$ cat model.txt   # compact mmCIF, C-alpha atoms
# COMPACT_ATOMS: atom_id res chain seq x y z
CA MET G 667 7.78 -25.40 -33.15
CA ALA G 668 9.57 -26.40 -29.94
CA ASP G 669 13.25 -25.46 -29.84
CA TYR G 670 14.25 -28.10 -27.29
CA PRO G 671 13.19 -31.67 -26.48
CA ALA G 672 10.05 -31.73 -24.36
CA ALA G 673 11.81 -32.71 -21.09
CA ILE G 674 14.31 -29.85 -21.40
CA GLN G 675 11.62 -27.35 -22.35
CA GLU G 676 9.57 -28.45 -19.34
CA LEU G 677 12.55 -27.87 -17.05
CA ILE G 678 13.18 -24.44 -18.58
CA ASP G 679 9.51 -23.55 -18.11
CA ALA G 680 9.60 -24.77 -14.49
CA PHE G 681 12.60 -22.56 -13.69
CA GLY G 682 11.04 -19.69 -15.62
CA ARG G 683 8.02 -19.73 -13.33
CA LEU G 684 10.21 -18.94 -10.29
CA PRO G 685 10.32 -15.31 -9.10
CA GLY G 686 13.14 -13.25 -10.57
CA ILE G 687 14.09 -15.82 -13.20
CA GLY G 688 13.43 -14.86 -16.79
CA PRO G 689 13.51 -17.14 -19.85
CA LYS G 690 17.25 -16.65 -20.44
CA SER G 691 18.19 -17.36 -16.83
CA ALA G 692 15.93 -20.42 -16.88
CA GLN G 693 17.79 -21.70 -19.95
CA ARG G 694 21.16 -21.01 -18.35
CA ILE G 695 20.26 -22.88 -15.14
CA THR G 696 18.85 -25.80 -17.11
CA PHE G 697 21.97 -26.21 -19.25
CA HIS G 698 24.21 -25.77 -16.25
CA LEU G 699 22.46 -28.68 -14.54
CA LEU G 700 22.52 -30.83 -17.67
CA LYS G 701 26.23 -30.23 -18.15
CA ALA G 702 27.16 -30.66 -14.49
CA ASP G 703 27.77 -33.89 -12.68
CA ALA G 704 24.60 -35.95 -12.17
CA SER G 705 25.14 -35.83 -8.41
CA GLU G 706 24.59 -32.07 -8.44
CA SER G 707 21.13 -32.47 -9.95
CA ALA G 708 20.38 -35.27 -7.52
CA ARG G 709 21.42 -33.06 -4.60
CA LEU G 710 19.12 -30.29 -5.83
CA VAL G 711 16.21 -32.68 -6.26
CA ARG G 712 16.79 -34.13 -2.80
CA ALA G 713 17.02 -30.71 -1.15
CA LEU G 714 13.88 -29.56 -2.92
CA SER G 715 11.81 -32.60 -2.07
CA GLU G 716 13.02 -32.64 1.55
CA ALA G 717 12.26 -28.95 1.99
CA THR G 718 8.76 -29.26 0.54
CA ALA G 719 8.06 -32.42 2.55
CA ARG G 720 9.46 -31.28 5.88
CA VAL G 721 8.90 -27.54 6.01
CA SER G 722 5.50 -26.19 6.93
CA PHE G 723 4.09 -23.32 8.93
CA CYS G 724 4.49 -23.35 12.71
CA SER G 725 1.09 -24.06 14.28
CA VAL G 726 1.63 -21.29 16.84
CA CYS G 727 3.33 -18.36 15.12
CA PHE G 728 3.16 -19.28 11.39
CA ASN G 729 6.90 -19.01 10.97
CA LEU G 730 8.50 -21.69 8.79
CA ALA G 731 9.07 -24.85 10.80
CA GLU G 732 10.41 -28.34 10.27
CA GLY G 733 7.96 -29.84 12.74
CA GLU G 734 4.75 -28.89 14.45
CA GLN G 735 6.41 -25.82 15.98
CA CYS G 736 9.26 -23.59 14.83
CA MET G 737 12.59 -23.34 16.65
CA VAL G 738 11.56 -20.15 18.47
CA CYS G 739 8.20 -21.45 19.72
CA SER G 740 9.73 -24.70 20.92
CA ASP G 741 12.57 -22.95 22.76
CA PRO G 742 11.72 -22.77 26.50
CA GLN G 743 14.34 -20.03 26.98
CA ARG G 744 12.29 -17.51 24.98
CA ASP G 745 10.12 -14.99 26.83
CA PRO G 746 6.53 -16.11 26.22
CA HIS G 747 5.06 -12.76 27.30
CA VAL G 748 6.55 -10.60 24.54
CA LEU G 749 5.39 -11.01 20.96
CA CYS G 750 7.03 -9.50 17.90
CA VAL G 751 4.61 -9.20 14.98
CA VAL G 752 6.24 -9.41 11.54
CA GLU G 753 4.94 -9.61 7.98
CA GLU G 754 6.89 -12.58 6.59
CA PRO G 755 9.02 -15.48 7.87
CA ARG G 756 12.15 -13.81 6.44
CA ASP G 757 11.51 -10.88 8.81
CA VAL G 758 11.88 -13.31 11.72
CA VAL G 759 15.36 -14.13 10.44
CA ALA G 760 16.18 -10.42 10.12
CA VAL G 761 15.12 -9.72 13.72
CA GLU G 762 16.87 -12.85 15.02
CA ARG G 763 20.14 -11.68 13.46
CA THR G 764 20.07 -8.61 15.72
CA ARG G 765 20.26 -10.89 18.81
CA GLU G 766 18.35 -8.15 20.63
CA PHE G 767 15.01 -9.89 20.92
CA ARG G 768 14.31 -12.82 23.24
CA GLY G 769 10.54 -13.03 22.93
CA ARG G 770 8.40 -14.91 20.42
CA TYR G 771 6.98 -14.05 17.04
CA HIS G 772 3.75 -13.91 15.13
CA VAL G 773 3.95 -13.95 11.34
CA LEU G 774 1.01 -12.19 9.67
CA GLY G 775 1.68 -13.51 6.18
CA GLY G 776 1.62 -10.07 4.53
CA ALA G 777 0.50 -6.52 5.20
CA ILE G 778 -2.62 -4.46 4.70
CA ASP G 779 -2.40 -3.00 1.21
CA HIS G 780 -5.21 -0.66 0.27
CA LEU G 781 -4.12 -0.41 -3.35
CA GLN G 782 -3.86 -4.17 -3.86
CA GLY G 783 -7.06 -4.80 -1.91
CA VAL G 784 -5.33 -6.83 0.83
CA GLY G 785 -7.27 -6.43 4.06
CA PRO G 786 -6.95 -7.85 7.59
CA GLU G 787 -9.14 -10.80 6.63
CA GLN G 788 -6.35 -12.11 4.40
CA LEU G 789 -3.79 -11.88 7.21
CA ARG G 790 -3.41 -13.93 10.41
CA VAL G 791 -4.87 -11.20 12.58
CA ARG G 792 -7.57 -13.35 14.14
CA GLU G 793 -4.91 -15.83 15.27
CA LEU G 794 -2.86 -12.96 16.72
CA LEU G 795 -5.80 -11.71 18.76
CA ALA G 796 -6.43 -15.23 20.05
CA ARG G 797 -2.79 -15.53 21.13
CA VAL G 798 -2.74 -12.14 22.83
CA GLN G 799 -5.90 -12.96 24.77
CA GLY G 800 -5.01 -16.55 25.59
CA GLU G 801 -1.23 -16.73 26.14
CA GLY G 802 -0.69 -14.09 28.83
CA ILE G 803 1.08 -11.68 26.46
CA THR G 804 2.11 -8.40 28.12
CA GLU G 805 3.80 -6.64 25.17
CA VAL G 806 3.25 -6.73 21.43
CA ILE G 807 5.96 -5.18 19.25
CA LEU G 808 4.68 -4.20 15.81
CA CYS G 809 7.65 -4.93 13.58
CA THR G 810 6.09 -4.36 10.17
CA ASN G 811 7.98 -2.69 7.33
CA PRO G 812 8.37 1.09 7.53
CA ASN G 813 6.46 1.59 4.28
CA ILE G 814 2.85 2.62 3.74
CA GLU G 815 1.55 -0.96 3.88
CA GLY G 816 3.48 -1.69 7.06
CA GLU G 817 2.26 1.55 8.62
CA ALA G 818 -1.34 0.75 7.73
CA THR G 819 -0.95 -2.71 9.27
CA ALA G 820 0.60 -1.29 12.45
CA LEU G 821 -2.17 1.31 12.75
CA TYR G 822 -4.84 -1.35 12.29
CA LEU G 823 -3.25 -3.72 14.80
CA SER G 824 -2.80 -0.97 17.39
CA ARG G 825 -6.52 -0.31 17.01
CA VAL G 826 -7.63 -3.94 17.46
CA LEU G 827 -5.05 -4.85 20.12
CA ASP G 828 -6.69 -2.64 22.69
CA VAL G 829 -6.50 -5.34 25.35
CA PRO G 830 -6.13 -4.44 29.06
CA GLY G 831 -2.66 -5.20 30.40
CA VAL G 832 -1.07 -5.39 26.95
CA THR G 833 1.43 -2.77 25.82
CA VAL G 834 1.57 -2.25 22.07
CA SER G 835 4.77 -0.71 20.72
CA ARG G 836 6.09 0.03 17.24
CA ILE G 837 9.71 -0.38 16.18
CA ALA G 838 11.52 2.95 15.84
CA SER G 839 12.17 4.60 12.50
CA GLY G 840 15.40 6.39 11.90
CA LEU G 841 18.69 6.58 10.10
CA PRO G 842 20.58 3.49 8.97
CA VAL G 843 23.94 2.95 10.64
CA GLY G 844 26.75 3.93 8.28
CA GLY G 845 24.62 6.30 6.20
CA ASP G 846 25.15 10.01 5.56
CA LEU G 847 22.72 12.45 7.17
CA GLU G 848 22.56 14.64 4.07
CA TYR G 849 21.08 11.81 2.03
CA ALA G 850 18.35 10.97 4.53
CA ASP G 851 14.85 11.70 3.31
CA GLU G 852 12.79 14.24 5.22
CA LEU G 853 10.32 11.74 6.62
CA THR G 854 13.00 9.43 8.01
CA LEU G 855 15.07 12.29 9.42
CA GLY G 856 11.92 13.83 10.93
CA ARG G 857 11.11 10.56 12.64
CA ALA G 858 14.68 10.15 13.83
CA LEU G 859 14.46 13.59 15.46
CA GLU G 860 11.06 12.80 16.89
CA GLY G 861 12.36 9.58 18.47
CA ARG G 862 15.66 11.05 19.73
CA ARG G 863 17.10 9.76 22.99
CA THR G 864 19.10 11.34 25.78
CA VAL G 865 22.81 10.56 25.46
CA VAL G 866 24.07 8.51 28.38
CA ARG G 867 27.10 10.23 29.99
CA MET H 1363 17.90 8.42 -23.93
CA GLY H 1364 16.72 11.78 -22.60
CA ILE H 1365 16.86 12.98 -19.05
CA TYR H 1366 13.91 14.95 -17.78
CA ARG H 1367 12.62 16.40 -14.53
CA ASP H 1368 9.02 16.67 -13.47
CA VAL H 1369 6.94 17.01 -10.35
CA GLY H 1370 4.41 14.37 -9.51
CA VAL H 1371 2.55 12.35 -6.92
CA VAL H 1372 3.41 8.68 -6.40
CA LEU H 1373 0.19 6.77 -7.06
CA ARG H 1374 1.38 3.27 -6.33
CA THR H 1375 4.40 1.03 -6.30
CA TYR H 1376 5.09 -2.58 -7.24
CA LYS H 1377 7.97 -4.70 -6.03
CA LEU H 1378 10.46 -5.55 -8.73
CA GLY H 1379 13.24 -8.10 -8.32
CA GLU H 1380 15.29 -8.16 -5.15
CA SER H 1381 15.29 -4.53 -4.11
CA ASP H 1382 13.73 -2.41 -6.88
CA ARG H 1383 10.29 -0.94 -7.30
CA ILE H 1384 8.17 0.15 -10.21
CA ILE H 1385 6.80 3.58 -9.33
CA VAL H 1386 3.62 4.92 -10.91
CA LEU H 1387 3.44 8.71 -10.81
CA CYS H 1388 0.83 11.28 -11.77
CA THR H 1389 3.11 13.98 -13.13
CA GLN H 1390 2.40 17.57 -14.04
CA GLY H 1391 4.02 17.52 -17.45
CA ARG H 1392 3.75 13.93 -18.73
CA GLY H 1393 0.59 12.49 -17.22
CA LYS H 1394 0.93 9.03 -15.76
CA VAL H 1395 4.51 7.78 -15.80
CA ARG H 1396 5.81 4.34 -14.88
CA ALA H 1397 9.40 4.17 -13.83
CA VAL H 1398 11.86 1.83 -12.16
CA ALA H 1399 13.47 3.02 -8.94
CA LYS H 1400 16.50 0.85 -8.35
CA GLY H 1401 17.50 -0.34 -4.90
CA VAL H 1402 14.80 1.64 -3.13
CA ARG H 1403 13.72 -1.24 -0.91
CA LYS H 1404 17.12 -1.32 0.74
CA THR H 1405 17.31 0.62 4.00
CA LYS H 1406 20.29 2.59 2.73
CA SER H 1407 18.51 3.81 -0.39
CA ARG H 1408 18.97 7.54 -0.90
CA PHE H 1409 15.43 8.16 -2.04
CA GLY H 1410 13.38 5.08 -1.21
CA GLY H 1411 11.55 6.88 1.58
CA ARG H 1412 10.51 9.61 -0.85
CA LEU H 1413 8.86 7.26 -3.32
CA GLU H 1414 6.08 5.89 -1.16
CA PRO H 1415 2.47 6.18 -2.37
CA GLY H 1416 1.18 9.68 -1.67
CA SER H 1417 4.61 11.34 -1.82
CA HIS H 1418 4.72 14.65 -3.69
CA VAL H 1419 8.10 14.63 -5.38
CA LEU H 1420 10.36 16.29 -7.89
CA VAL H 1421 11.93 13.47 -9.84
CA GLN H 1422 14.73 13.26 -12.34
CA MET H 1423 14.34 10.37 -14.71
CA TYR H 1424 15.80 9.12 -17.89
CA GLU H 1425 13.71 7.60 -20.58
CA GLY H 1426 13.89 3.87 -21.03
CA ARG H 1427 12.50 1.69 -23.80
CA GLU H 1428 9.51 0.54 -21.76
CA LEU H 1429 9.90 2.03 -18.31
CA ASP H 1430 11.73 5.20 -17.34
CA ILE H 1431 14.42 5.05 -14.65
CA VAL H 1432 14.34 7.26 -11.57
CA SER H 1433 17.77 8.74 -10.94
CA GLN H 1434 16.90 11.33 -8.28
CA ALA H 1435 13.91 12.22 -6.14
CA GLU H 1436 13.32 15.17 -3.84
CA LEU H 1437 10.24 15.77 -1.72
CA VAL H 1438 8.32 18.87 -2.81
CA GLU H 1439 6.38 18.84 0.44
CA THR H 1440 6.00 16.47 3.36
CA LEU H 1441 2.58 15.52 4.64
CA PRO H 1442 3.38 13.32 7.67
CA GLU H 1443 -0.24 13.70 8.85
CA LEU H 1444 -1.26 11.27 6.10
CA ARG H 1445 0.32 8.44 8.09
CA THR H 1446 -1.15 9.37 11.44
CA GLY H 1447 -4.30 7.28 11.22
CA LEU H 1448 -5.74 4.31 9.42
CA ASP H 1449 -8.71 6.34 8.15
CA ARG H 1450 -6.44 9.00 6.68
CA LEU H 1451 -4.28 6.36 5.04
CA GLY H 1452 -7.40 4.78 3.57
CA ARG H 1453 -8.62 8.13 2.19
CA CYS H 1454 -5.21 8.82 0.73
CA ALA H 1455 -5.19 5.37 -0.91
CA ALA H 1456 -8.69 5.87 -2.33
CA ILE H 1457 -7.65 9.17 -3.93
CA LEU H 1458 -4.49 7.62 -5.39
CA GLU H 1459 -6.41 4.63 -6.72
CA ALA H 1460 -9.00 6.87 -8.37
CA VAL H 1461 -6.30 9.01 -10.01
CA ASP H 1462 -4.48 5.88 -11.16
CA GLN H 1463 -7.68 4.69 -12.82
CA VAL H 1464 -8.48 7.90 -14.70
CA SER H 1465 -5.01 9.18 -15.61
CA GLN H 1466 -3.49 8.25 -18.95
CA GLU H 1467 0.13 7.54 -19.81
CA GLY H 1468 1.72 10.08 -22.09
CA GLU H 1469 -1.10 12.61 -21.73
CA ALA H 1470 -0.17 15.63 -19.65
CA ASN H 1471 -2.96 16.56 -17.26
CA ALA H 1472 -1.88 19.43 -15.03
CA VAL H 1473 -5.43 19.85 -13.70
CA LEU H 1474 -5.47 16.26 -12.42
CA TYR H 1475 -2.03 16.71 -10.89
CA ASP H 1476 -3.12 19.93 -9.12
CA MET H 1477 -6.31 18.29 -7.92
CA THR H 1478 -4.42 15.30 -6.54
CA VAL H 1479 -1.96 17.46 -4.65
CA GLY H 1480 -4.82 19.58 -3.30
CA ALA H 1481 -6.76 16.49 -2.22
CA LEU H 1482 -3.77 15.04 -0.35
CA ARG H 1483 -3.26 18.37 1.44
CA ALA H 1484 -6.94 18.34 2.36
CA VAL H 1485 -6.71 14.76 3.69
CA ALA H 1486 -3.75 15.85 5.81
CA HIS H 1487 -5.62 18.92 7.09
CA TRP H 1488 -9.22 17.72 7.49
CA ASP H 1489 -10.04 14.47 9.29
CA THR H 1490 -13.31 13.72 7.51
CA PRO H 1491 -14.38 11.24 4.81
CA LEU H 1492 -15.95 14.17 2.98
CA VAL H 1493 -12.53 15.05 1.53
CA THR H 1494 -12.49 11.85 -0.52
CA SER H 1495 -16.14 12.19 -1.53
CA ALA H 1496 -15.62 15.79 -2.66
CA PHE H 1497 -12.55 14.74 -4.63
CA PHE H 1498 -14.43 11.94 -6.37
CA PHE H 1499 -17.30 14.22 -7.41
CA LYS H 1500 -14.88 16.89 -8.67
CA LEU H 1501 -12.84 14.26 -10.47
CA LEU H 1502 -15.98 13.10 -12.25
CA ALA H 1503 -16.72 16.69 -13.24
CA VAL H 1504 -13.20 17.05 -14.70
CA GLU H 1505 -13.72 13.77 -16.55
CA GLY H 1506 -16.84 15.25 -18.11
CA VAL H 1507 -19.29 13.05 -16.24
CA GLY H 1508 -20.06 15.29 -13.29
CA VAL H 1509 -23.37 15.07 -11.47
CA SER H 1510 -25.83 17.94 -11.51
CA VAL H 1511 -27.27 18.63 -8.05
CA GLY H 1512 -29.04 21.96 -8.44
CA ALA H 1513 -32.24 20.89 -10.16
CA CYS H 1514 -34.12 17.79 -11.30
CA VAL H 1515 -32.55 16.40 -14.45
CA GLU H 1516 -36.04 15.62 -15.79
CA CYS H 1517 -38.13 18.74 -15.07
CA ALA H 1518 -35.59 21.26 -13.71
CA ALA H 1519 -37.50 21.59 -10.43
CA GLU H 1520 -35.26 23.02 -7.72
CA THR H 1521 -37.25 21.81 -4.75
CA ASP H 1522 -38.22 18.46 -3.33
CA LEU H 1523 -35.13 16.75 -4.76
CA VAL H 1524 -35.05 13.24 -3.31
CA ALA H 1525 -32.88 10.98 -5.46
CA LEU H 1526 -29.56 10.82 -7.28
CA ASP H 1527 -29.76 9.09 -10.62
CA LEU H 1528 -26.22 8.34 -11.76
CA ALA H 1529 -27.43 7.02 -15.12
CA SER H 1530 -28.87 10.40 -16.08
CA GLY H 1531 -26.13 12.34 -14.24
CA GLY H 1532 -28.03 14.23 -11.59
CA VAL H 1533 -30.67 14.57 -8.93
CA ARG H 1534 -34.36 13.98 -9.42
CA CYS H 1535 -37.47 15.38 -7.77
CA ARG H 1536 -40.11 13.31 -6.00
CA SER H 1537 -42.30 13.12 -9.13
CA HIS H 1538 -39.48 11.78 -11.29
CA ARG H 1539 -37.49 9.87 -8.70
CA GLU H 1540 -35.16 7.14 -9.90
CA GLY H 1541 -31.80 5.92 -8.66
CA VAL H 1542 -30.52 6.21 -5.08
CA ALA H 1543 -32.49 8.07 -2.40
CA VAL H 1544 -30.78 11.21 -1.09
CA SER H 1545 -31.58 12.89 2.23
CA PRO H 1546 -31.93 16.71 2.31
CA GLU H 1547 -28.79 16.93 4.50
CA ALA H 1548 -26.73 14.91 2.03
CA LEU H 1549 -28.09 16.97 -0.85
CA LEU H 1550 -27.02 20.15 0.92
CA ILE H 1551 -23.49 18.76 1.30
CA LEU H 1552 -23.42 17.78 -2.38
CA GLN H 1553 -24.55 21.26 -3.38
CA LEU H 1554 -21.86 22.85 -1.20
CA VAL H 1555 -19.14 20.55 -2.58
CA LEU H 1556 -20.08 21.01 -6.21
CA GLY H 1557 -21.01 24.67 -5.81
CA GLY H 1558 -17.48 25.75 -4.92
CA ARG H 1559 -18.07 25.94 -1.16
CA LEU H 1560 -15.95 22.96 -0.12
CA ALA H 1561 -14.52 24.61 3.00
CA GLN H 1562 -18.06 25.20 4.24
CA ALA H 1563 -18.94 21.54 3.61
CA LEU H 1564 -15.77 20.31 5.34
CA ALA H 1565 -16.54 22.44 8.38
CA LEU H 1566 -19.86 20.64 8.91
CA PRO H 1567 -19.88 18.09 11.74
CA ILE H 1568 -19.43 14.47 10.63
CA GLY H 1569 -22.76 12.71 10.70
CA ALA H 1570 -24.99 10.29 8.85
CA ALA H 1571 -25.20 12.67 5.86
CA THR H 1572 -21.38 12.68 5.54
CA PHE H 1573 -21.33 8.89 5.20
CA GLU H 1574 -24.29 9.02 2.83
CA VAL H 1575 -22.37 11.40 0.56
CA ASP H 1576 -19.32 9.15 0.92
CA HIS H 1577 -21.35 6.16 -0.25
CA LEU H 1578 -22.82 8.12 -3.18
CA ALA H 1579 -19.35 9.28 -4.22
CA HIS H 1580 -18.07 5.69 -4.26
CA LEU H 1581 -21.06 4.57 -6.31
CA ALA H 1582 -20.57 7.39 -8.80
CA LEU H 1583 -16.86 6.82 -9.24
CA GLU H 1584 -17.13 3.03 -9.45
CA ARG H 1585 -19.81 3.43 -12.08
CA HIS H 1586 -17.49 5.65 -14.12
CA ILE H 1587 -14.37 3.50 -13.87
CA GLU H 1588 -16.43 0.32 -14.24
CA ARG H 1589 -14.74 -1.52 -11.37
CA ARG H 1590 -14.78 -1.57 -7.61
CA LEU H 1591 -12.31 0.60 -5.74
CA ARG H 1592 -10.17 -1.86 -3.80
CA SER H 1593 -8.93 0.62 -1.23
CA ILE H 1594 -12.32 1.55 0.20
CA HIS H 1595 -13.55 -1.98 0.77
CA ILE H 1596 -10.62 -3.64 2.49
CA LEU H 1597 -11.79 -2.90 6.03
CA ASP H 1598 -15.44 -3.69 5.26
CA GLY H 1599 -15.51 -7.02 7.10
CA SER H 1600 -13.30 -5.96 10.02

$ encode --input "model.txt" --output "structure tokens"
Amino acid sequence: MADYPAAIQELIDAFGRLPGIGPKSAQRITFHLLKADASESARLVRALSEATARVSFCSVCFNLAEGEQCMVCSDPQRDPHVLCVVEEPRDVVAVERTREFRGRYHVLGGAIDHLQGVGPEQLRVRELLARVQGEGITEVILCTNPNIEGEATALYLSRVLDVPGVTVSRIASGLPVGGDLEYADELTLGRALEGRRTVVR
Amino acid sequence: MGIYRDVGVVLRTYKLGESDRIIVLCTQGRGKVRAVAKGVRKTKSRFGGRLEPGSHVLVQMYEGRELDIVSQAELVETLPELRTGLDRLGRCAAILEAVDQVSQEGEANAVLYDMTVGALRAVAHWDTPLVTSAFFFKLLAVEGVGVSVGACVECAAETDLVALDLASGGVRCRSHREGVAVSPEALLILQLVLGGRLAQALALPIGAATFEVDHLAHLALERHIERRLRSIHILDGS
């Protein structure tokens, strides 16, 4: 027996299918929208339909874009010779927030995961190789997550990106700013020591 | 809810919510344990780096209704060599996947735990696919479905052994051959591995026989667990 009218139940089910939203949260969101002003629901519907209609993957780097190309690829100020390889579009945002990188990106769409059976064929590795060979790239920065999947991806890419004239680098691993040394795990601390730098006097 | 401490090897992890992970461990005292590690995907997590697949850890957990909760984790030993090459990472993943398949929740299996730790140390020390193959064959023996490689399973002949028949659990001579063909070199490696002379087998140069044994080990394990091992096939087409 259905507890709610069909339209409400359908809305609850739709919210419940979203990541991180359980049945109770789905109910709460549904009733919030039903109780709120009709314009709020209309705004949500409009934002959702506009986002799904206008946002797609950039044809060059596979970042999220509102047109054919994303904002980074269409920016002539960006260095076209340096490529930062990331797993997901949200990693582009994370790197952009640093304001330290002025090159372009390539979004793989995931990482090699032995235990889930995700291999290079399921990632945009072929497209990366085509870009490196055809766009005059001189440096590729492997900016994958510092976990086992990210490491596997970086190791694989460093193997296949053996192209003359192209430097392949990996982002450094180390201690987070603001953290306490005593709580650092051995692997991270070991890498931080390994990648130590001379202090500028 | 009780608090307990145990040593174990992280077999795999799953993302949970915004920053948590579900950790699957092969522990010494409780068999396979699933637990939630909260906030470990954040860069400032105190023990996120210790709960990666392949980590050998001492964990403190408290029992939950469905999943236990990790409250502390310390590394028992670090094996940074495991991350130094794609092949090593693949071998490590294959071992973890195999253990995940055979281990049971709530059933202590100290032998399996010891074997897993030993296999990871061997992967870190020896750069050969034979480590994984040897582990798989020994794992099958512990599971009670080991292969017999000393004599023909049909007539007990000790010479002219030319095939491995996984259905009957051992090698066969030329007169009774069935199953997969085995070269004399691969047979020698199998006999060394299963005869307690692993170090001798690992010291052999990597060649065609090593990869033949590797293939046989995959076949044998996949037959036992009745599914393909994901980790060993992901680079097949690359």

$ closest_residue --input "model.txt" --among "H:Arg1539, H:Arg1483, H:Arg1374, H:Arg1589" --to "chain G" --atoms "only C-alpha atoms"
H:Arg1374

$ closest_residue --input "model.txt" --among "G:Pro842, G:Gly783, G:Pro812, G:Pro830" --to "Ile1594 in chain H" --atoms "all atoms listed in the file"
G:Gly783

$ atom_distance --input "model.txt" --atom1 "CA of Gln1390 in chain H" --atom2 "CA of Leu1378 in chain H"
25.1 Å

$ residues_around --input "model.txt" --residues "range 1546-1559 of chain H" --least-positions-apart "3" --cutoff "7 Å" --atoms "only C-alpha atoms" --output "mmCIF file with C-alpha atoms, in the frame of the given file"
data_model
loop_
_atom_site.group_PDB
_atom_site.id
_atom_site.type_symbol
_atom_site.label_atom_id
_atom_site.label_comp_id
_atom_site.auth_asym_id
_atom_site.auth_seq_id
_atom_site.Cartn_x
_atom_site.Cartn_y
_atom_site.Cartn_z
ATOM 1 C CA ALA H 1496 -15.620 15.790 -2.660
ATOM 2 C CA VAL H 1511 -27.270 18.630 -8.050
ATOM 3 C CA GLY H 1512 -29.040 21.960 -8.440
ATOM 4 C CA GLN H 1562 -18.060 25.200 4.240
ATOM 5 C CA ALA H 1563 -18.940 21.540 3.610
ATOM 6 C CA ALA H 1571 -25.200 12.670 5.860
ATOM 7 C CA THR H 1572 -21.380 12.680 5.540
ATOM 8 C CA GLU H 1574 -24.290 9.020 2.830
ATOM 9 C CA VAL H 1575 -22.370 11.400 0.560
#

$ interface_residues --input "model.txt" --of "chain G" --to "chain H" --cutoff "7 Å" --atoms "all atoms listed in the file" --output "PDB file with C-alpha atoms, in the frame of the given file"
ATOM      1  CA  GLY G 686      13.140 -13.250 -10.570  1.00  0.00           C
ATOM      2  CA  HIS G 780      -5.210  -0.660   0.270  1.00  0.00           C
ATOM      3  CA  LEU G 781      -4.120  -0.410  -3.350  1.00  0.00           C
ATOM      4  CA  GLN G 782      -3.860  -4.170  -3.860  1.00  0.00           C
ATOM      5  CA  GLY G 783      -7.060  -4.800  -1.910  1.00  0.00           C
ATOM      6  CA  VAL G 784      -5.330  -6.830   0.830  1.00  0.00           C
ATOM      7  CA  GLY G 785      -7.270  -6.430   4.060  1.00  0.00           C
ATOM      8  CA  ASN G 813       6.460   1.590   4.280  1.00  0.00           C
ATOM      9  CA  ILE G 814       2.850   2.620   3.740  1.00  0.00           C
ATOM     10  CA  ALA G 818      -1.340   0.750   7.730  1.00  0.00           C
ATOM     11  CA  LEU G 821      -2.170   1.310  12.750  1.00  0.00           C
ATOM     12  CA  TYR G 822      -4.840  -1.350  12.290  1.00  0.00           C
ATOM     13  CA  PRO G 842      20.580   3.490   8.970  1.00  0.00           C
ATOM     14  CA  GLY G 845      24.620   6.300   6.200  1.00  0.00           C
ATOM     15  CA  TYR G 849      21.080  11.810   2.030  1.00  0.00           C
ATOM     16  CA  ALA G 850      18.350  10.970   4.530  1.00  0.00           C
ATOM     17  CA  ASP G 851      14.850  11.700   3.310  1.00  0.00           C
TER      18      ASP G 851
END

$ atom_distance --input "model.txt" --atom1 "CA of Ile1365 in chain H" --atom2 "CA of Lys1404 in chain H"
24.4 Å

$ closest_residue --input "model.txt" --among "H:Gly1426, H:Gly1506, H:Gly1364, H:Gly1370" --to "His1586 in chain H" --atoms "only C-alpha atoms"
H:Gly1506

$ residues_around --input "model.txt" --residues "range 733-735 of chain G" --least-positions-apart "5" --cutoff "12 Å" --atoms "only C-alpha atoms" --output "list of chain:residue names"
G:Ala717, G:Ala719, G:Arg720, G:Val721, G:Ser722, G:Phe723, G:Cys724, G:Ser725, G:Val726, G:Cys727, G:Phe728, G:Ser740, G:Asp741, G:Arg770, G:Tyr771

$ write_last_selection --input "model.txt" --atoms "C-alpha atoms" --output "PDB file, keeping the file's coordinate frame"
ATOM      1  CA  ALA G 717      12.260 -28.950   1.990  1.00  0.00           C
ATOM      2  CA  ALA G 719       8.060 -32.420   2.550  1.00  0.00           C
ATOM      3  CA  ARG G 720       9.460 -31.280   5.880  1.00  0.00           C
ATOM      4  CA  VAL G 721       8.900 -27.540   6.010  1.00  0.00           C
ATOM      5  CA  SER G 722       5.500 -26.190   6.930  1.00  0.00           C
ATOM      6  CA  PHE G 723       4.090 -23.320   8.930  1.00  0.00           C
ATOM      7  CA  CYS G 724       4.490 -23.350  12.710  1.00  0.00           C
ATOM      8  CA  SER G 725       1.090 -24.060  14.280  1.00  0.00           C
ATOM      9  CA  VAL G 726       1.630 -21.290  16.840  1.00  0.00           C
ATOM     10  CA  CYS G 727       3.330 -18.360  15.120  1.00  0.00           C
ATOM     11  CA  PHE G 728       3.160 -19.280  11.390  1.00  0.00           C
ATOM     12  CA  SER G 740       9.730 -24.700  20.920  1.00  0.00           C
ATOM     13  CA  ASP G 741      12.570 -22.950  22.760  1.00  0.00           C
ATOM     14  CA  ARG G 770       8.400 -14.910  20.420  1.00  0.00           C
ATOM     15  CA  TYR G 771       6.980 -14.050  17.040  1.00  0.00           C
TER      16      TYR G 771
END

$ closest_residue --input "model.txt" --among "H:Tyr1366, H:Leu1502, H:Thr1494, H:Asp1476" --to "Ile1431 in chain H" --atoms "all atoms listed in the file"
H:Tyr1366

$ closest_residue --input "model.txt" --among "G:Leu684, G:Leu808, G:Val843, G:Ile674" --to "Thr696 in chain G" --atoms "all atoms listed in the file"
G:Ile674

$ residues_around --input "model.txt" --residues "Ala858 in chain G" --least-positions-apart "3" --cutoff "12 Å" --atoms "only C-alpha atoms" --output "PyMOL selection string"
chain G and resi 837-842+847+850-855+861-863

$ axis_aligned_box --input "model.txt" --around "range 1422-1428 of chain H" --padding-each-side "3 Å" --output "AutoDock Vina command-line options"
--center_x 12.7 --center_y 6.9 --center_z -18.1 --size_x 12.3 --size_y 18.7 --size_z 17.5
